[in-house]
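Colleague: Next up is a structure, given as structure tokens.
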Amino acid sequence: MDWLRITINVVLMICAVVLIAVVLMQDAKGGGMTAITGQTGESFFGKNKSKSLQGRLQRLTQIFMAVIAVLSIVLAIMSKGIA
């Protein structure tokens with residue numbers, strides 16, 4: 001059982017480092033002047049955001065956040081001795 005806890009910890013650390021890298025690669029979400037003037041950013045790239053690099057990075061962020069949450073819950077349950 002100890003090898004399982006070590007394996008989960010290693011996977012958790014790798015996911016955390018990858019999540020940090022993915023978040024740092026994303027563009028800033030600040031509205032800037034468009035938020036003040038009320039202009040919309042609806043362009044071809046705005047409408048097809050899920051197919052762009054930013055859309056893929058956001059999806060990777062969500063996936064790694066979910067993996068980290070699940071692994072953290074599993075480790076918490078294992079440390080309580082429930083599992």
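Every chain in the structure tokens takes a letter, A first, then B, and so on in the order presented; its residues are numbered from 1, and the ligands are numbered from 1 following the presented order.
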What's the 12 Å shell around A:Leu4, counting only C-alpha atoms, without same-chain residues fewer than 3 positions away, as a tab-separated table (two decimals) with N, CA and C atoms, in the first residue's frame?
Modeller:
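Generated file (around.tsv):
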```tsv
chain	number	residue	atom	x	y	z
A	1	MET	N	0.82	-1.19	0.00
A	1	MET	CA	0.00	0.00	0.00
A	1	MET	C	0.87	1.25	0.00
A	7	THR	N	3.39	6.39	-5.50
A	7	THR	CA	3.06	6.58	-6.92
A	7	THR	C	2.07	7.71	-7.11
A	8	ILE	N	1.03	7.77	-6.28
A	8	ILE	CA	0.04	8.83	-6.39
A	8	ILE	C	0.67	10.19	-6.09
A	9	ASN	N	1.56	10.24	-5.12
A	9	ASN	CA	2.24	11.50	-4.81
A	9	ASN	C	3.10	11.98	-5.97
A	10	VAL	N	3.79	11.07	-6.63
A	10	VAL	CA	4.63	11.44	-7.76
A	10	VAL	C	3.77	11.94	-8.92
A	11	VAL	N	2.68	11.23	-9.20
A	11	VAL	CA	1.77	11.66	-10.28
A	11	VAL	C	1.16	13.02	-9.94
A	71	LEU	N	-6.92	13.04	-7.23
A	71	LEU	CA	-5.78	12.43	-6.55
A	71	LEU	C	-5.65	12.93	-5.12
A	74	VAL	N	-8.22	11.07	-3.08
A	74	VAL	CA	-7.78	9.68	-2.86
A	74	VAL	C	-6.70	9.62	-1.80
A	75	LEU	N	-5.75	10.54	-1.82
A	75	LEU	CA	-4.70	10.55	-0.80
A	75	LEU	C	-5.27	10.86	0.58
A	78	MET	N	-6.89	7.72	1.77
A	78	MET	CA	-5.88	6.72	2.14
A	78	MET	C	-5.20	7.06	3.47
A	79	SER	N	-5.00	8.34	3.74
A	79	SER	CA	-4.32	8.72	4.98
A	79	SER	C	-5.22	8.53	6.20
A	83	ALA	N	-9.65	3.53	3.15
A	83	ALA	CA	-9.51	2.61	2.01
A	83	ALA	C	-8.58	1.48	2.34
```
Colleague: Within 12 Å of A:Met65, counting only C-alpha atoms, which residues qualify if same-chain residues fewer than 2 places away don't, as a PyMOL selection string?
Modeller: chain A and resi 12+15-20+22-23+58-63+67-72
Colleague: Could those selected residues go to a file with N, CA and C atoms, as a PDB file, in the first residue's frame?
Modeller:
```
ATOM      1  N   LEU A  12       0.816  13.232  -8.686  1.00  0.00           N
ATOM      2  CA  LEU A  12       0.256  14.503  -8.241  1.00  0.00           C
ATOM      3  C   LEU A  12       1.246  15.643  -8.441  1.00  0.00           C
ATOM      4  N   CYS A  15       1.555  16.369 -12.214  1.00  0.00           N
ATOM      5  CA  CYS A  15       0.373  17.093 -12.685  1.00  0.00           C
ATOM      6  C   CYS A  15       0.396  18.547 -12.233  1.00  0.00           C
ATOM      7  N   ALA A  16       0.868  18.803 -11.026  1.00  0.00           N
ATOM      8  CA  ALA A  16       0.931  20.174 -10.530  1.00  0.00           C
ATOM      9  C   ALA A  16       1.921  21.008 -11.336  1.00  0.00           C
ATOM     10  N   VAL A  17       3.057  20.439 -11.664  1.00  0.00           N
ATOM     11  CA  VAL A  17       4.059  21.164 -12.455  1.00  0.00           C
ATOM     12  C   VAL A  17       3.532  21.426 -13.869  1.00  0.00           C
ATOM     13  N   VAL A  18       2.884  20.429 -14.457  1.00  0.00           N
ATOM     14  CA  VAL A  18       2.319  20.604 -15.799  1.00  0.00           C
ATOM     15  C   VAL A  18       1.207  21.649 -15.773  1.00  0.00           C
ATOM     16  N   LEU A  19       0.377  21.642 -14.725  1.00  0.00           N
ATOM     17  CA  LEU A  19      -0.687  22.628 -14.604  1.00  0.00           C
ATOM     18  C   LEU A  19      -0.123  24.044 -14.509  1.00  0.00           C
ATOM     19  N   ILE A  20       0.933  24.215 -13.752  1.00  0.00           N
ATOM     20  CA  ILE A  20       1.575  25.529 -13.649  1.00  0.00           C
ATOM     21  C   ILE A  20       2.088  25.975 -15.018  1.00  0.00           C
ATOM     22  N   VAL A  22       1.006  25.033 -18.003  1.00  0.00           N
ATOM     23  CA  VAL A  22      -0.116  25.303 -18.909  1.00  0.00           C
ATOM     24  C   VAL A  22      -0.751  26.648 -18.584  1.00  0.00           C
ATOM     25  N   VAL A  23      -0.909  26.958 -17.306  1.00  0.00           N
ATOM     26  CA  VAL A  23      -1.497  28.237 -16.918  1.00  0.00           C
ATOM     27  C   VAL A  23      -0.594  29.393 -17.331  1.00  0.00           C
ATOM     28  N   GLN A  58      -6.984  25.967 -22.214  1.00  0.00           N
ATOM     29  CA  GLN A  58      -8.018  26.032 -21.184  1.00  0.00           C
ATOM     30  C   GLN A  58      -8.564  24.644 -20.872  1.00  0.00           C
ATOM     31  N   ARG A  59      -8.743  23.837 -21.897  1.00  0.00           N
ATOM     32  CA  ARG A  59      -9.238  22.470 -21.689  1.00  0.00           C
ATOM     33  C   ARG A  59      -8.214  21.641 -20.899  1.00  0.00           C
ATOM     34  N   LEU A  60      -6.931  21.785 -21.223  1.00  0.00           N
ATOM     35  CA  LEU A  60      -5.890  21.080 -20.470  1.00  0.00           C
ATOM     36  C   LEU A  60      -5.868  21.531 -19.016  1.00  0.00           C
ATOM     37  N   THR A  61      -6.089  22.817 -18.780  1.00  0.00           N
ATOM     38  CA  THR A  61      -6.138  23.331 -17.420  1.00  0.00           C
ATOM     39  C   THR A  61      -7.261  22.657 -16.642  1.00  0.00           C
ATOM     40  N   GLN A  62      -8.422  22.549 -17.243  1.00  0.00           N
ATOM     41  CA  GLN A  62      -9.551  21.905 -16.576  1.00  0.00           C
ATOM     42  C   GLN A  62      -9.275  20.442 -16.288  1.00  0.00           C
ATOM     43  N   ILE A  63      -8.658  19.763 -17.235  1.00  0.00           N
ATOM     44  CA  ILE A  63      -8.368  18.334 -17.050  1.00  0.00           C
ATOM     45  C   ILE A  63      -7.373  18.128 -15.916  1.00  0.00           C
ATOM     46  N   VAL A  67      -7.809  16.168 -12.317  1.00  0.00           N
ATOM     47  CA  VAL A  67      -6.924  15.059 -11.914  1.00  0.00           C
ATOM     48  C   VAL A  67      -6.305  15.349 -10.553  1.00  0.00           C
ATOM     49  N   ILE A  68      -5.864  16.584 -10.343  1.00  0.00           N
ATOM     50  CA  ILE A  68      -5.263  16.951  -9.053  1.00  0.00           C
ATOM     51  C   ILE A  68      -6.298  16.842  -7.941  1.00  0.00           C
ATOM     52  N   ALA A  69      -7.529  17.274  -8.204  1.00  0.00           N
ATOM     53  CA  ALA A  69      -8.575  17.189  -7.181  1.00  0.00           C
ATOM     54  C   ALA A  69      -8.875  15.736  -6.816  1.00  0.00           C
ATOM     55  N   VAL A  70      -8.993  14.881  -7.816  1.00  0.00           N
ATOM     56  CA  VAL A  70      -9.299  13.471  -7.555  1.00  0.00           C
ATOM     57  C   VAL A  70      -8.151  12.791  -6.805  1.00  0.00           C
ATOM     58  N   LEU A  71      -6.923  13.043  -7.228  1.00  0.00           N
ATOM     59  CA  LEU A  71      -5.778  12.429  -6.549  1.00  0.00           C
ATOM     60  C   LEU A  71      -5.647  12.931  -5.117  1.00  0.00           C
ATOM     61  N   SER A  72      -5.957  14.191  -4.879  1.00  0.00           N
ATOM     62  CA  SER A  72      -5.900  14.723  -3.518  1.00  0.00           C
ATOM     63  C   SER A  72      -6.941  14.074  -2.625  1.00  0.00           C
TER      64      SER A  72
END
```
Colleague: Would you compute the distance between atom CA of A:Phe64 and atom CA of A:Ile14? Give it in Å to one decimal.
Modeller: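 Computed distance, atom CA of A:Phe64 to atom CA of A:Ile14, equals 10.0 Å.
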Colleague: Quick one: residues within 12 Å of A:Asp27, only C-alpha atoms, excluding same-chain residues fewer than 2 positions away - as an MDAnalysis selection string?
Modeller: chainID A and resid 22:25 29:31 53:55 57:58
Colleague: Filtering to N, CA and C atoms, could you give me those residues as a short mmCIF file (atom, residue, chain, number, x, y, z; two decimals), in the first residue's frame?
Modeller:
```cif
data_model
loop_
_atom_site.label_atom_id
_atom_site.label_comp_id
_atom_site.auth_asym_id
_atom_site.auth_seq_id
_atom_site.Cartn_x
_atom_site.Cartn_y
_atom_site.Cartn_z
N VAL A 22 1.01 25.03 -18.00
CA VAL A 22 -0.12 25.30 -18.91
C VAL A 22 -0.75 26.65 -18.58
N VAL A 23 -0.91 26.96 -17.31
CA VAL A 23 -1.50 28.24 -16.92
C VAL A 23 -0.59 29.39 -17.33
N LEU A 24 0.70 29.23 -17.19
CA LEU A 24 1.62 30.29 -17.57
C LEU A 24 1.68 30.51 -19.08
N MET A 25 1.34 29.51 -19.87
CA MET A 25 1.35 29.64 -21.32
C MET A 25 0.12 30.36 -21.86
N LYS A 29 -6.46 37.28 -19.36
CA LYS A 29 -7.88 37.43 -19.67
C LYS A 29 -8.37 38.85 -19.43
N GLY A 30 -7.53 39.77 -19.06
CA GLY A 30 -7.96 41.12 -18.77
C GLY A 30 -8.65 41.76 -19.96
N GLY A 31 -9.74 42.45 -19.70
CA GLY A 31 -10.51 43.07 -20.77
C GLY A 31 -9.82 44.29 -21.35
N LEU A 53 -5.38 27.52 -29.96
CA LEU A 53 -4.41 27.10 -28.94
C LEU A 53 -4.91 27.48 -27.55
N GLN A 54 -5.49 28.66 -27.41
CA GLN A 54 -5.99 29.09 -26.11
C GLN A 54 -7.11 28.18 -25.62
N GLY A 55 -7.96 27.76 -26.53
CA GLY A 55 -9.04 26.85 -26.16
C GLY A 55 -8.51 25.51 -25.68
N LEU A 57 -5.52 25.03 -24.39
CA LEU A 57 -4.84 25.23 -23.11
C LEU A 57 -5.85 25.33 -21.96
N GLN A 58 -6.98 25.97 -22.21
CA GLN A 58 -8.02 26.03 -21.18
C GLN A 58 -8.56 24.64 -20.87
#
```
